[in-house]
$ cat work_18.txt   # compact mmCIF, C-alpha atoms
# COMPACT_ATOMS: atom_id res chain seq x y z
CA MET A 26 -17.39 -121.97 66.75
CA ASN A 27 -17.54 -119.80 63.61
CA VAL A 28 -18.80 -120.80 60.20
CA THR A 29 -18.43 -118.59 57.12
CA ILE A 30 -19.66 -119.73 53.72
CA LYS A 31 -18.42 -118.02 50.57
CA GLU A 32 -18.54 -118.73 46.87
CA GLN A 33 -14.97 -118.82 45.60
CA ASP A 34 -13.59 -119.78 42.17
CA GLY A 35 -16.82 -121.54 41.30
CA ASN A 36 -16.83 -123.59 44.54
CA MET A 37 -18.79 -123.18 47.76
CA VAL A 38 -16.28 -122.86 50.57
CA ALA A 39 -17.17 -123.22 54.26
CA TYR A 40 -14.55 -121.84 56.65
CA LEU A 41 -14.74 -123.44 60.09
CA ALA A 42 -12.98 -121.93 63.08
CA GLY A 43 -12.95 -123.18 66.65
CA SER A 44 -13.88 -126.43 68.30
CA LEU A 45 -16.72 -128.43 66.73
CA ASP A 46 -17.67 -130.19 69.96
CA THR A 47 -21.08 -131.57 70.92
CA ALA A 48 -22.21 -128.23 72.38
CA ALA A 49 -21.41 -126.37 69.14
CA ALA A 50 -22.87 -129.02 66.82
CA ALA A 51 -26.47 -127.81 66.53
CA GLU A 52 -25.48 -124.23 65.76
CA THR A 53 -22.79 -125.37 63.31
CA GLU A 54 -25.21 -127.69 61.52
CA LYS A 55 -27.63 -124.81 61.06
CA ALA A 56 -24.87 -122.53 59.78
CA MET A 57 -23.67 -125.19 57.31
CA ASN A 58 -27.18 -126.04 56.12
CA PRO A 59 -26.93 -123.88 52.93
CA LEU A 60 -24.30 -126.37 51.68
CA ASN A 61 -27.10 -128.93 51.31
CA ASP A 62 -28.71 -126.72 48.65
CA VAL A 63 -25.55 -126.52 46.53
CA GLU A 64 -25.94 -127.92 43.04
CA GLY A 65 -23.44 -128.06 40.22
CA LYS A 66 -20.56 -126.81 42.39
CA ASP A 67 -17.97 -128.54 44.52
CA ILE A 68 -17.99 -127.98 48.26
CA ILE A 69 -14.79 -127.25 50.14
CA ILE A 70 -14.77 -127.43 53.93
CA ASP A 71 -11.77 -125.38 55.02
CA CYS A 72 -10.63 -126.80 58.35
CA THR A 73 -7.46 -124.72 58.69
CA ASP A 74 -8.78 -123.13 61.90
CA LEU A 75 -10.80 -126.12 63.10
CA GLU A 76 -9.24 -127.29 66.38
CA TYR A 77 -11.36 -130.32 67.22
CA ILE A 78 -14.22 -132.39 65.81
CA SER A 79 -16.62 -134.51 67.87
CA SER A 80 -18.89 -137.37 66.72
CA ALA A 81 -21.64 -134.81 66.22
CA GLY A 82 -19.29 -132.84 63.95
CA LEU A 83 -18.45 -135.98 61.98
CA ARG A 84 -22.17 -136.57 61.47
CA ILE A 85 -22.56 -133.04 60.03
CA PHE A 86 -19.67 -133.64 57.60
CA LEU A 87 -21.11 -137.04 56.58
CA GLY A 88 -24.56 -135.52 56.03
CA ILE A 89 -23.10 -132.87 53.70
CA LEU A 90 -21.07 -135.53 51.86
CA GLN A 91 -24.06 -137.84 51.35
CA ASN A 92 -26.22 -134.98 50.14
CA ALA A 93 -23.57 -133.79 47.66
CA GLN A 94 -22.87 -137.31 46.37
CA GLU A 95 -26.55 -137.90 45.65
CA LYS A 96 -26.36 -134.86 43.34
CA GLY A 97 -23.09 -136.01 41.78
CA GLY A 98 -21.04 -133.37 43.63
CA HIS A 99 -17.75 -133.54 45.50
CA VAL A 100 -16.84 -132.50 49.03
CA TYR A 101 -13.21 -131.64 49.70
CA ILE A 102 -11.60 -131.14 53.09
CA LYS A 103 -8.87 -128.52 53.19
CA GLY A 104 -6.23 -127.57 55.74
CA ILE A 105 -7.04 -130.33 58.23
CA ASN A 106 -4.77 -130.30 61.32
CA ASP A 107 -3.17 -133.41 62.83
CA ASN A 108 -5.66 -133.58 65.68
CA VAL A 109 -8.71 -133.64 63.40
CA ARG A 110 -7.01 -135.99 60.92
CA THR A 111 -6.34 -138.41 63.77
CA ILE A 112 -10.04 -138.44 64.66
CA PHE A 113 -10.96 -139.07 61.02
CA THR A 114 -8.45 -141.94 60.98
CA ILE A 115 -9.27 -143.76 64.20
CA THR A 116 -12.97 -143.72 63.33
CA GLY A 117 -12.26 -145.15 59.85
CA PHE A 118 -13.49 -142.08 57.97
CA SER A 119 -10.14 -140.87 56.63
CA ASN A 120 -10.64 -142.20 53.10
CA ILE A 121 -14.30 -141.27 52.79
CA PHE A 122 -13.53 -137.65 51.96
CA GLU A 123 -11.35 -136.10 49.32
CA TYR A 124 -8.65 -133.70 50.42
CA LYS A 125 -7.24 -130.47 48.94
CA MET B 26 -37.58 -136.68 -9.83
CA ASN B 27 -39.87 -138.11 -12.50
CA LEU B 28 -42.69 -140.10 -10.97
CA ASP B 29 -45.52 -141.71 -12.90
CA SER B 30 -49.12 -141.03 -11.90
CA HIS B 31 -49.33 -144.28 -9.86
CA SER B 32 -46.28 -143.35 -7.84
CA GLU B 33 -47.65 -139.81 -7.37
CA MET B 34 -50.84 -141.38 -5.99
CA LEU B 35 -48.80 -143.51 -3.55
CA LEU B 36 -46.91 -140.41 -2.46
CA ARG B 37 -50.21 -138.59 -1.76
CA GLN B 38 -51.39 -141.56 0.32
CA PHE B 39 -48.13 -141.38 2.25
CA ARG B 40 -48.58 -137.65 3.03
CA GLU B 41 -52.02 -138.36 4.48
CA LEU B 42 -50.75 -141.28 6.52
CA ARG B 43 -47.60 -139.67 7.88
CA PRO B 44 -48.95 -138.31 11.23
CA SER B 45 -50.39 -141.71 12.14
CA LEU B 46 -47.17 -143.43 11.02
CA GLN B 47 -45.20 -141.33 13.48
CA GLN B 48 -47.60 -142.31 16.29
CA ILE B 49 -47.21 -145.99 15.44
CA ALA B 50 -43.41 -145.66 15.29
CA ASP B 51 -43.40 -144.04 18.76
CA GLU B 52 -45.77 -146.65 20.18
CA ALA B 53 -43.79 -149.60 18.77
CA CYS B 54 -40.58 -148.12 20.14
CA ARG B 55 -42.16 -147.62 23.57
CA LEU B 56 -43.51 -151.18 23.67
CA LEU B 57 -40.14 -152.63 22.71
CA GLN B 58 -38.25 -150.47 25.20
CA ASN B 59 -40.56 -151.59 28.01
CA ALA B 60 -40.23 -155.25 27.06
CA LEU B 61 -36.43 -155.02 26.91
CA SER B 62 -36.29 -153.31 30.25
CA GLU B 63 -38.64 -155.91 31.85
CA GLN B 64 -36.39 -158.71 30.58
CA GLY B 65 -33.23 -156.91 31.71
CA ILE B 66 -31.76 -156.88 28.21
CA TYR B 67 -29.22 -154.08 27.77
CA ILE B 68 -28.75 -152.81 24.27
CA THR B 69 -26.38 -150.28 22.77
CA ALA B 70 -29.06 -148.30 20.91
CA MET B 71 -32.59 -148.21 19.59
CA GLU B 72 -33.57 -145.98 16.68
CA HIS B 73 -36.89 -145.36 15.01
CA ARG B 74 -37.92 -143.23 12.06
CA VAL B 75 -40.65 -142.62 9.53
CA LYS B 76 -39.35 -142.68 5.96
CA THR B 77 -38.75 -139.23 4.48
CA GLU B 78 -40.76 -138.19 1.45
CA LYS B 79 -37.55 -137.83 -0.54
CA SER B 80 -36.42 -141.34 0.29
CA LEU B 81 -39.85 -142.78 -0.55
CA ALA B 82 -39.94 -140.89 -3.85
CA GLY B 83 -36.54 -142.40 -4.72
CA LYS B 84 -37.87 -145.86 -3.99
CA LEU B 85 -41.03 -145.26 -6.02
CA GLU B 86 -39.04 -143.97 -8.97
CA LEU B 87 -37.19 -147.29 -9.09
CA LYS B 88 -39.98 -149.73 -8.34
CA GLY B 89 -43.25 -147.85 -7.84
CA ALA B 90 -45.15 -150.25 -10.10
CA LYS B 91 -44.46 -153.09 -7.66
CA TYR B 92 -46.82 -151.58 -5.07
CA ARG B 93 -50.58 -151.46 -5.54
CA ASP B 94 -51.21 -149.50 -2.40
CA ILE B 95 -49.08 -147.50 0.09
CA ASN B 96 -49.69 -150.23 2.67
CA ASP B 97 -47.74 -152.67 0.49
CA ILE B 98 -44.56 -150.80 1.38
CA THR B 99 -43.30 -152.36 4.60
CA ASP B 100 -40.50 -149.99 5.57
CA LEU B 101 -42.39 -146.70 5.87
CA ILE B 102 -41.72 -147.08 9.58
CA GLY B 103 -38.36 -148.46 10.63
CA LEU B 104 -37.14 -149.51 14.06
CA ARG B 105 -33.59 -150.64 14.70
CA VAL B 106 -32.30 -152.37 17.79
CA ILE B 107 -28.52 -152.67 18.19
CA THR B 108 -27.37 -155.24 20.72
CA PHE B 109 -23.98 -155.93 22.29
CA TYR B 110 -23.87 -159.66 21.56
CA SER B 111 -25.07 -161.87 18.71
CA ASP B 112 -27.18 -164.13 20.96
CA GLU B 113 -29.06 -161.06 22.14
CA VAL B 114 -30.35 -160.49 18.61
CA ASP B 115 -32.34 -163.72 19.04
CA LYS B 116 -33.59 -162.56 22.46
CA VAL B 117 -34.83 -159.30 20.97
CA ALA B 118 -36.47 -161.29 18.15
CA ALA B 119 -38.23 -163.51 20.71
CA LEU B 120 -39.56 -160.40 22.46
CA ALA B 121 -40.71 -158.92 19.16
CA LYS B 122 -42.66 -162.13 18.44
CA ARG B 123 -44.40 -161.74 21.77
CA ILE B 124 -45.36 -158.08 21.56
CA PHE B 125 -45.98 -157.66 17.81
CA ASP B 126 -47.70 -159.66 15.05
CA ILE B 127 -45.00 -160.79 12.62
CA ASP B 128 -45.58 -161.06 8.90
CA TRP B 129 -43.55 -164.21 8.26
CA GLN B 130 -43.96 -163.99 4.49
CA GLU B 131 -42.00 -160.74 4.42
CA SER B 132 -39.55 -161.24 7.32
CA VAL B 133 -35.98 -162.26 6.57
CA ASP B 134 -33.12 -163.58 8.56
CA LYS B 135 -30.39 -162.16 6.37
CA ARG B 136 -27.83 -163.89 8.55
CA LYS B 137 -28.86 -167.18 6.93
CA LEU B 138 -28.97 -165.96 3.37
CA HIS B 139 -25.29 -165.96 2.57
CA GLN B 140 -23.89 -168.33 -0.01
CA LEU B 141 -20.51 -169.87 0.64
CA ASP B 142 -18.84 -167.42 -1.71
CA ALA B 143 -21.05 -164.50 -0.77
CA PHE B 144 -20.01 -161.77 1.53
CA GLY B 145 -21.70 -159.15 3.54
CA TYR B 146 -22.89 -159.27 7.03
CA ASN B 147 -26.48 -158.56 7.72
CA SER B 148 -29.10 -158.45 10.36
CA LEU B 149 -32.41 -160.01 11.22
CA HIS B 150 -35.38 -158.14 9.75
CA TYR B 151 -38.95 -158.67 10.88
CA ILE B 152 -41.98 -157.07 9.31
CA CYS B 153 -44.30 -156.40 12.21
CA ARG B 154 -47.67 -154.95 13.05
CA LEU B 155 -48.94 -153.68 16.38
CA LYS B 156 -51.31 -156.17 18.03
CA THR B 157 -53.90 -153.41 17.84
CA GLY B 158 -53.56 -153.28 14.03
CA GLY B 159 -52.42 -150.48 11.73
CA PRO B 160 -49.75 -150.42 9.01
CA ARG B 161 -46.80 -152.77 9.04
CA PHE B 162 -43.30 -151.64 10.02
CA GLU B 163 -39.79 -153.01 9.71
CA LEU B 164 -37.80 -154.03 12.76
CA GLN B 165 -34.07 -154.51 12.20
CA MET B 166 -32.11 -156.33 14.87
CA ARG B 167 -28.34 -156.44 14.71
CA THR B 168 -25.23 -156.43 16.86
CA ALA B 169 -22.97 -153.40 17.27
CA LEU B 170 -20.42 -155.04 14.94
CA GLN B 171 -23.09 -155.82 12.35
CA HIS B 172 -24.10 -152.18 12.58
CA VAL B 173 -20.51 -151.05 12.02
CA TRP B 174 -20.33 -153.35 9.00
CA SER B 175 -23.55 -152.05 7.57
CA THR B 176 -22.55 -148.41 8.10
CA ILE B 177 -19.13 -148.83 6.49
CA GLU B 178 -20.62 -150.85 3.65
CA HIS B 179 -23.00 -147.98 3.01
CA ASP B 180 -20.24 -145.38 3.26
CA THR B 181 -17.96 -147.16 0.80
CA GLY B 182 -20.75 -147.30 -1.74
CA TYR B 183 -20.20 -151.03 -2.05
CA LYS B 184 -23.79 -151.56 -3.10
CA GLY B 185 -23.71 -148.62 -5.50
CA ASP B 186 -23.86 -148.46 -9.26
CA VAL B 187 -20.20 -149.15 -9.93
CA LYS B 188 -19.30 -152.83 -10.16
CA ILE B 189 -16.68 -153.69 -7.54
CA PRO B 190 -13.65 -155.63 -8.87
CA SER B 191 -13.31 -159.12 -7.41
CA GLU B 192 -10.03 -158.18 -5.72
CA TYR B 193 -11.88 -155.68 -3.51
CA LYS B 194 -14.83 -158.03 -3.06
CA ARG B 195 -12.41 -160.51 -1.57
CA GLN B 196 -11.14 -157.88 0.90
CA PHE B 197 -14.71 -157.15 1.96
CA SER B 198 -15.32 -160.85 2.32
CA ARG B 199 -12.29 -161.32 4.58
CA LEU B 200 -13.38 -158.45 6.80
CA ALA B 201 -16.95 -159.72 6.98
CA GLY B 202 -15.70 -163.13 8.07
CA MET B 203 -13.49 -161.58 10.70
CA MET B 204 -16.33 -159.49 12.14
CA GLU B 205 -18.63 -162.49 12.25
CA LEU B 206 -15.93 -164.40 14.08
CA MET B 207 -15.43 -161.49 16.51
CA ASP B 208 -19.16 -161.36 17.23
CA ASP B 209 -19.22 -165.08 18.00
CA GLU B 210 -16.07 -164.90 20.10
CA PHE B 211 -17.40 -161.97 22.17
CA SER B 212 -20.59 -163.94 22.84
CA ARG B 213 -18.62 -167.05 23.76
CA LEU B 214 -16.29 -165.08 26.03
CA ARG B 215 -19.22 -163.51 27.82
CA THR B 216 -20.79 -166.92 28.41
CA VAL B 217 -17.50 -168.30 29.77
CA LEU B 218 -17.04 -165.31 32.09
CA THR B 219 -20.63 -165.49 33.32
CA ASP B 220 -20.13 -169.18 34.13
CA TYR B 221 -16.87 -168.42 35.91
CA ARG B 222 -18.52 -165.69 38.02
CA ARG B 223 -21.40 -168.02 38.89
CA GLN B 224 -18.96 -170.73 39.89
CA MET B 225 -16.96 -168.35 42.11
CA LEU B 226 -20.09 -167.00 43.80
CA ALA B 227 -21.26 -170.56 44.50
CA LEU B 228 -17.90 -171.37 46.09
CA VAL B 229 -18.09 -168.21 48.24
CA LYS B 230 -21.63 -169.11 49.34
CA SER B 231 -20.67 -172.71 50.12
CA GLY B 232 -17.74 -171.51 52.21
CA LYS B 233 -15.03 -173.08 50.02
CA LEU B 234 -13.04 -169.90 50.28
CA ASP B 235 -9.64 -171.44 49.59
CA ASP B 236 -10.78 -172.26 46.06
CA VAL B 237 -11.74 -168.66 45.29
CA PRO B 238 -9.01 -166.31 44.01
CA LEU B 239 -9.08 -162.82 45.50
CA SER B 240 -10.37 -160.37 42.90
CA GLN B 241 -12.63 -157.36 42.74
CA GLU B 242 -15.65 -159.49 41.92
CA THR B 243 -15.04 -162.26 44.47
CA PHE B 244 -14.15 -159.78 47.22
CA ARG B 245 -17.41 -157.92 46.56
CA SER B 246 -19.37 -161.18 46.92
CA TYR B 247 -17.38 -162.09 50.02
CA LEU B 248 -18.32 -158.75 51.60
CA GLU B 249 -21.98 -159.80 51.27
CA LEU B 250 -21.17 -162.42 53.93
CA GLN B 251 -20.25 -159.47 56.20
CA PRO B 252 -16.90 -160.91 57.30
CA PHE B 253 -15.88 -157.74 59.18
CA ASP B 254 -19.18 -157.29 61.04
CA ARG B 255 -18.23 -159.22 64.14
CA LEU B 256 -15.08 -157.18 64.73
CA ASN B 257 -16.81 -153.91 63.84
CA HIS B 258 -19.54 -154.57 66.41
CA ARG B 259 -16.98 -155.55 69.02
CA ILE B 260 -15.08 -152.29 68.45
CA ALA B 261 -18.29 -150.24 68.32
CA ALA B 262 -19.36 -151.64 71.68
CA VAL B 263 -16.45 -149.79 73.31
CA ASN B 264 -18.31 -146.47 73.00
CA GLN B 265 -21.76 -147.82 72.07
CA ALA B 266 -20.98 -146.35 68.66
CA GLU B 267 -23.14 -146.27 65.57
CA ILE B 268 -21.57 -148.01 62.54
CA PHE B 269 -21.81 -145.89 59.40
CA PRO B 270 -21.78 -148.16 56.32
CA VAL B 271 -19.22 -147.31 53.64
CA SER B 272 -17.68 -149.31 50.80
CA MET B 273 -14.86 -151.60 51.93
CA MET B 274 -13.60 -152.19 48.41
CA SER B 275 -10.74 -149.73 49.01
CA TYR B 276 -9.17 -152.41 51.24
CA LEU B 277 -8.80 -154.88 48.39
CA PRO B 278 -5.47 -153.42 47.14
CA VAL B 279 -4.21 -153.43 50.75
CA LEU B 280 -5.05 -157.12 51.18
CA GLU B 281 -3.44 -157.89 47.83
CA SER B 282 -0.32 -155.97 48.89
CA PHE B 283 -0.09 -158.35 51.89
CA GLY B 284 0.17 -161.27 49.43
CA LEU B 285 -3.29 -162.67 50.18
CA GLU B 286 -4.31 -164.69 47.13
CA THR B 287 -7.60 -166.36 48.00
CA LEU B 288 -10.68 -165.52 50.06
CA GLY B 289 -9.50 -168.32 52.36
CA ASP B 290 -6.34 -166.26 52.99
CA VAL B 291 -8.53 -163.24 53.81
CA GLN B 292 -10.67 -165.25 56.21
CA ARG B 293 -7.57 -166.57 58.03
CA PHE B 294 -6.15 -163.02 58.09
CA ILE B 295 -9.32 -161.86 59.87
CA ASP B 296 -9.43 -164.80 62.27
CA GLU B 297 -5.77 -164.53 63.22
CA ASN B 298 -5.68 -160.75 63.73
CA SER B 299 -9.11 -159.90 65.14
CA ASP B 300 -8.19 -159.97 68.84
CA ASP B 301 -5.11 -157.82 68.33
CA ALA B 302 -7.02 -155.43 66.05
CA TYR B 303 -9.64 -155.06 68.77
CA GLN B 304 -6.93 -154.28 71.35
CA LEU B 305 -5.41 -151.62 69.09
CA ALA B 306 -8.80 -150.03 68.36
CA LEU B 307 -9.63 -150.10 72.05
CA SER B 308 -6.40 -148.28 72.90
CA HIS B 309 -7.49 -145.44 70.59
CA LEU B 310 -11.19 -145.24 71.15
CA ALA B 311 -11.63 -145.99 74.84
CA ILE B 312 -10.08 -142.64 75.79
CA THR B 313 -12.54 -140.74 73.53
CA ASP B 314 -16.30 -140.33 73.43
CA LEU B 315 -16.46 -140.90 69.67
CA ASP B 316 -19.69 -142.74 69.06
CA ILE B 317 -19.71 -143.01 65.27
CA LEU B 318 -17.41 -145.34 63.32
CA SER B 319 -17.23 -146.23 59.67
CA SER B 320 -17.59 -149.87 58.67
CA ASN B 321 -13.97 -149.57 57.48
CA THR B 322 -12.82 -149.48 61.09
CA ALA B 323 -12.39 -153.27 61.36
CA PRO B 324 -10.43 -153.77 58.12
CA GLN B 325 -8.30 -150.73 58.96
CA TYR B 326 -7.23 -152.03 62.38
CA LEU B 327 -6.71 -155.56 61.01
CA CYS B 328 -4.35 -154.15 58.37
CA LEU B 329 -2.50 -151.99 60.90
CA VAL B 330 -1.96 -154.98 63.18
CA ASN B 331 -0.73 -157.07 60.26
CA VAL B 332 1.89 -154.45 59.33
CA LEU B 333 3.02 -154.14 62.96
CA LYS B 334 3.26 -157.92 63.35
CA GLN B 335 5.28 -158.19 60.15
CA ASP B 336 7.67 -155.65 61.65
CA GLY B 337 6.82 -153.18 58.91
CA GLY B 338 7.54 -150.30 61.28
CA ARG B 339 7.03 -146.64 60.48
CA ASP B 340 7.60 -146.99 56.75
CA GLY B 341 5.28 -150.00 56.51
CA LEU B 342 2.49 -148.14 58.30
CA LYS B 343 3.08 -145.04 56.17
CA SER B 344 2.81 -147.19 53.02
CA LEU B 345 -0.43 -148.67 54.33
CA TYR B 346 -1.89 -145.21 54.97
CA ASP B 347 -0.65 -144.14 51.53
CA ILE B 348 -2.85 -146.85 50.00
CA ILE B 349 -5.84 -146.08 52.23
CA ASN B 350 -5.67 -142.26 52.31
CA GLY B 351 -3.57 -141.46 49.28
CA GLU B 352 0.06 -140.40 49.53
CA ASN B 353 0.53 -137.66 52.09
CA ASP B 354 3.29 -136.63 54.49
CA THR B 355 0.85 -136.54 57.41
CA ASN B 356 0.64 -140.33 57.00
CA TYR B 357 3.99 -140.41 58.86
CA MET B 358 2.29 -138.63 61.76
CA LEU B 359 -0.44 -141.29 61.76
CA ALA B 360 2.17 -144.07 61.56
CA ASP B 361 3.99 -142.63 64.59
CA LEU B 362 0.72 -142.39 66.49
CA MET B 363 -0.07 -146.07 65.78
CA ILE B 364 3.38 -147.20 66.89
CA GLU B 365 3.06 -145.18 70.09
CA GLN B 366 -0.40 -146.63 70.87
CA ALA B 367 0.58 -150.19 69.98
CA LYS B 368 3.86 -150.41 71.84
CA ASN B 369 2.26 -151.56 75.11
CA LEU B 370 -0.16 -154.05 73.56
CA PRO B 371 0.35 -157.79 74.16
CA PHE B 372 1.01 -158.71 70.53
CA MET B 373 3.85 -156.19 70.36
CA HIS B 374 5.37 -157.62 73.56
CA LYS B 375 5.35 -161.07 72.01
CA LEU B 376 7.12 -159.70 68.94
CA ASN B 377 9.76 -157.97 71.06
CA LEU B 378 10.49 -161.24 72.87
CA ARG B 379 11.25 -163.09 69.63

$ encode --input "work_18.txt" --output "structure tokens"
Amino acid sequence: MNVTIKEQDGNMVAYLAGSLDTAAAAETEKAMNPLNDVEGKDIIIDCTDLEYISSAGLRIFLGILQNAQEKGGHVYIKGINDNVRTIFTITGFSNIFEYK
Amino acid sequence: MNLDSHSEMLLRQFRELRPSLQQIADEACRLLQNALSEQGIYITAMEHRVKTEKSLAGKLELKGAKYRDINDITDLIGLRVITFYSDEVDKVAALAKRIFDIDWQESVDKRKLHQLDAFGYNSLHYICRLKTGGPRFELQMRTALQHVWSTIEHDTGYKGDVKIPSEYKRQFSRLAGMMELMDDEFSRLRTVLTDYRRQMLALVKSGKLDDVPLSQETFRSYLELQPFDRLNHRIAAVNQAEIFPVSMMSYLPVLESFGLETLGDVQRFIDENSDDAYQLALSHLAITDLDILSSNTAPQYLCLVNVLKQDGGRDGLKSLYDIINGENDTNYMLADLMIEQAKNLPFMHKLNLR
């Protein structure tokens, strides 16, 4: 699982690649931690190369969302594949996030 | 500006007093703000100021002889509270009576001063003093519309030197009457709406759901009864999942699109579809190890089942996802997935037999 965070066009963009399963969750959470310090910018989680997301991965996304919302920020999900969208949907989280 | 020696003396007194006047203005403002906040009274604005030297000099030039001492001038400090509704002016006045000493000799309710043929539209003015003593100050209390009136009246120079012809006085008078009527009507409307809300909440609490129309406000109150909890917990038990609370208000337009008109309709919708919604959720979740669900899971599966039972098919499910997720072509993919998962469930068999 690879996480790259870049500032792009005034937004903080996290590029995720691989399978965010339970085994990869702790490392991914650590890598995504800088997103919790973002203020005054929108966060984009680019899931174009994200193959799978587990419950632990959903918890990471929700943590980032809650943190951003408390500061009045937005979290957008980008490039989500059908497999990951299905997981968001069957767990009832599909309309919690905003999509690009 | 030509001031006589008496007025010059008053002006000197004012200069000496000014720092303490500012402190009193700040303290009075703070006390009033705290009292308003404790009573839960929302206002549009509160202003406070100490009179400028220029403004005071202008006043003294006109009527300096009227004042023996600087403390005889009651508007050196001015506070203004602007409320939304006319009845709130009286609430603010009641608070002022509690937290300040009021000089009743000098205070005026200008709202009661108008003659039948008079016009103008004024506010309630109290001359107050802090309970701890010090110089007096003026507290003006008025509604937002009264404030608009007062500001426009000032801007038009209506109270200026030039005598206004009666034709224009009449136009002012008509407008003043209309604004007074608007103020009263806004207050009345608010009271009626508050009563209506109270009545609806009481009906929700007493379980008379068929008498409560489905609306944003009533649905929000209904959600306090946690009508989806039972189904959510049943679904969560499949994977011993944690339920992550989120707002369910996004399901209101979906329920309305199904033609549900009262909370009674919503309750029947839940009761009649819960078992089938559980079966559909089970078919998705049991083959995963997903152990976190949003509290929207129950309403989502209830809505999906309803569309399937109404034979809404692929387009019906896509429309449902369009409302929930926003319009998106991948909603067709989700619709196809639901149809595939549901096709072997008992409620779909029953439909196929019809």

$ residues_around --input "work_18.txt" --residues "Ile295 of chain B" --least-positions-apart "4" --cutoff "8 Å" --atoms "only C-alpha atoms" --output "mmCIF file with C-alpha atoms, in the frame of the given file"
data_model
loop_
_atom_site.group_PDB
_atom_site.id
_atom_site.type_symbol
_atom_site.label_atom_id
_atom_site.label_comp_id
_atom_site.auth_asym_id
_atom_site.auth_seq_id
_atom_site.Cartn_x
_atom_site.Cartn_y
_atom_site.Cartn_z
ATOM 1 C CA PHE B 253 -15.880 -157.740 59.180
ATOM 2 C CA VAL B 291 -8.530 -163.240 53.810
ATOM 3 C CA SER B 299 -9.110 -159.900 65.140
ATOM 4 C CA LEU B 327 -6.710 -155.560 61.010
#

$ atom_distance --input "work_18.txt" --atom1 "atom CA of Asp46 of chain A" --atom2 "atom CA of Met26 of chain A"
8.8 Å

$ residues_around --input "work_18.txt" --residues "Asn321 of chain B" --least-positions-apart "2" --cutoff "10 Å" --atoms "all atoms listed in the file" --output "VMD selection string"
(chain A and resid 116 to 121) or (chain B and resid 253 to 254 257 268 to 276 318 to 319 323 to 326)

$ closest_atom_pairs --input "work_18.txt" --of "chain A" --to "chain B" --cutoff "10 Å" --atoms "all atoms listed in the file" --output "Markdown table"
| residue | atom | partner | partner_atom | distance |
| --- | --- | --- | --- | --- |
| A:Ile78 | CA | B:Leu315 | CA | 9.6 |
| A:Ser79 | CA | B:Leu315 | CA | 6.6 |
| A:Ser80 | CA | B:Leu315 | CA | 5.2 |
| A:Ala81 | CA | B:Ile317 | CA | 8.5 |
| A:Leu83 | CA | B:Ile317 | CA | 7.9 |
| A:Arg84 | CA | B:Ile317 | CA | 7.9 |
| A:Leu87 | CA | B:Phe269 | CA | 9.3 |
| A:Asn106 | CA | B:Thr355 | CA | 9.3 |
| A:Asp107 | CA | B:Thr355 | CA | 7.4 |
| A:Arg110 | CA | B:Leu359 | CA | 8.5 |
| A:Thr111 | CA | B:Leu359 | CA | 6.9 |
| A:Ile112 | CA | B:Leu315 | CA | 8.5 |
| A:Phe113 | CA | B:Leu318 | CA | 9.3 |
| A:Thr114 | CA | B:Leu359 | CA | 8.1 |
| A:Ile115 | CA | B:His309 | CA | 6.8 |
| A:Thr116 | CA | B:Leu318 | CA | 4.7 |
| A:Gly117 | CA | B:Thr322 | CA | 4.5 |
| A:Phe118 | CA | B:Ser319 | CA | 5.8 |
| A:Ser119 | CA | B:Asn350 | CA | 6.4 |
| A:Asn120 | CA | B:Asn350 | CA | 5.0 |
| A:Ile121 | CA | B:Val271 | CA | 7.8 |
| A:Phe122 | CA | B:Asn350 | CA | 9.1 |
| A:Glu123 | CA | B:Asn350 | CA | 8.9 |
| A:Tyr124 | CA | B:Asn350 | CA | 9.3 |

$ residues_around --input "work_18.txt" --residues "Ile70 of chain A" --least-positions-apart "3" --cutoff "7 Å" --atoms "only C-alpha atoms" --output "PDB file with C-alpha atoms, in the coordinates of the input"
ATOM      1  CA  VAL A  38     -16.280-122.860  50.570  1.00  0.00           C
ATOM      2  CA  ALA A  39     -17.170-123.220  54.260  1.00  0.00           C
ATOM      3  CA  TYR A  40     -14.550-121.840  56.650  1.00  0.00           C
ATOM      4  CA  TYR A 101     -13.210-131.640  49.700  1.00  0.00           C
ATOM      5  CA  ILE A 102     -11.600-131.140  53.090  1.00  0.00           C
ATOM      6  CA  LYS A 103      -8.870-128.520  53.190  1.00  0.00           C
TER       7      LYS A 103
END

$ closest_residue --input "work_18.txt" --among "A:Ile85, A:Ala93, A:Ile105, A:Ile68" --to "Ala49 of chain A" --atoms "all atoms listed in the file"
A:Ile85

$ atom_distance --input "work_18.txt" --atom1 "atom CA of Ile107 of chain B" --atom2 "atom CA of Ile189 of chain B"
28.3 Å

$ residues_around --input "work_18.txt" --residues "Asn58 of chain A" --least-positions-apart "2" --cutoff "12 Å" --atoms "all atoms listed in the file" --output "list of chain:residue names"
A:Val28, A:Thr29, A:Ile30, A:Ala39, A:Ala50, A:Ala51, A:Glu52, A:Thr53, A:Glu54, A:Lys55, A:Ala56, A:Leu60, A:Asn61, A:Asp62, A:Val63, A:Ile85, A:Phe86, A:Gly88, A:Ile89, A:Asn92

$ atom_distance --input "work_18.txt" --atom1 "atom CA of Glu41 of chain B" --atom2 "atom CA of Ile102 of chain B"
14.4 Å

$ residues_around --input "work_18.txt" --residues "Leu35 of chain B" --least-positions-apart "2" --cutoff "12 Å" --atoms "only C-alpha atoms" --output "VMD selection string"
chain B and resid 28 to 33 37 to 42 78 81 to 82 84 to 86 88 to 98 101

$ closest_residue --input "work_18.txt" --among "A:Gln91, A:Asn27, A:Thr47, A:Gln33" --to "Ile69 of chain A" --atoms "only C-alpha atoms"
A:Gln33
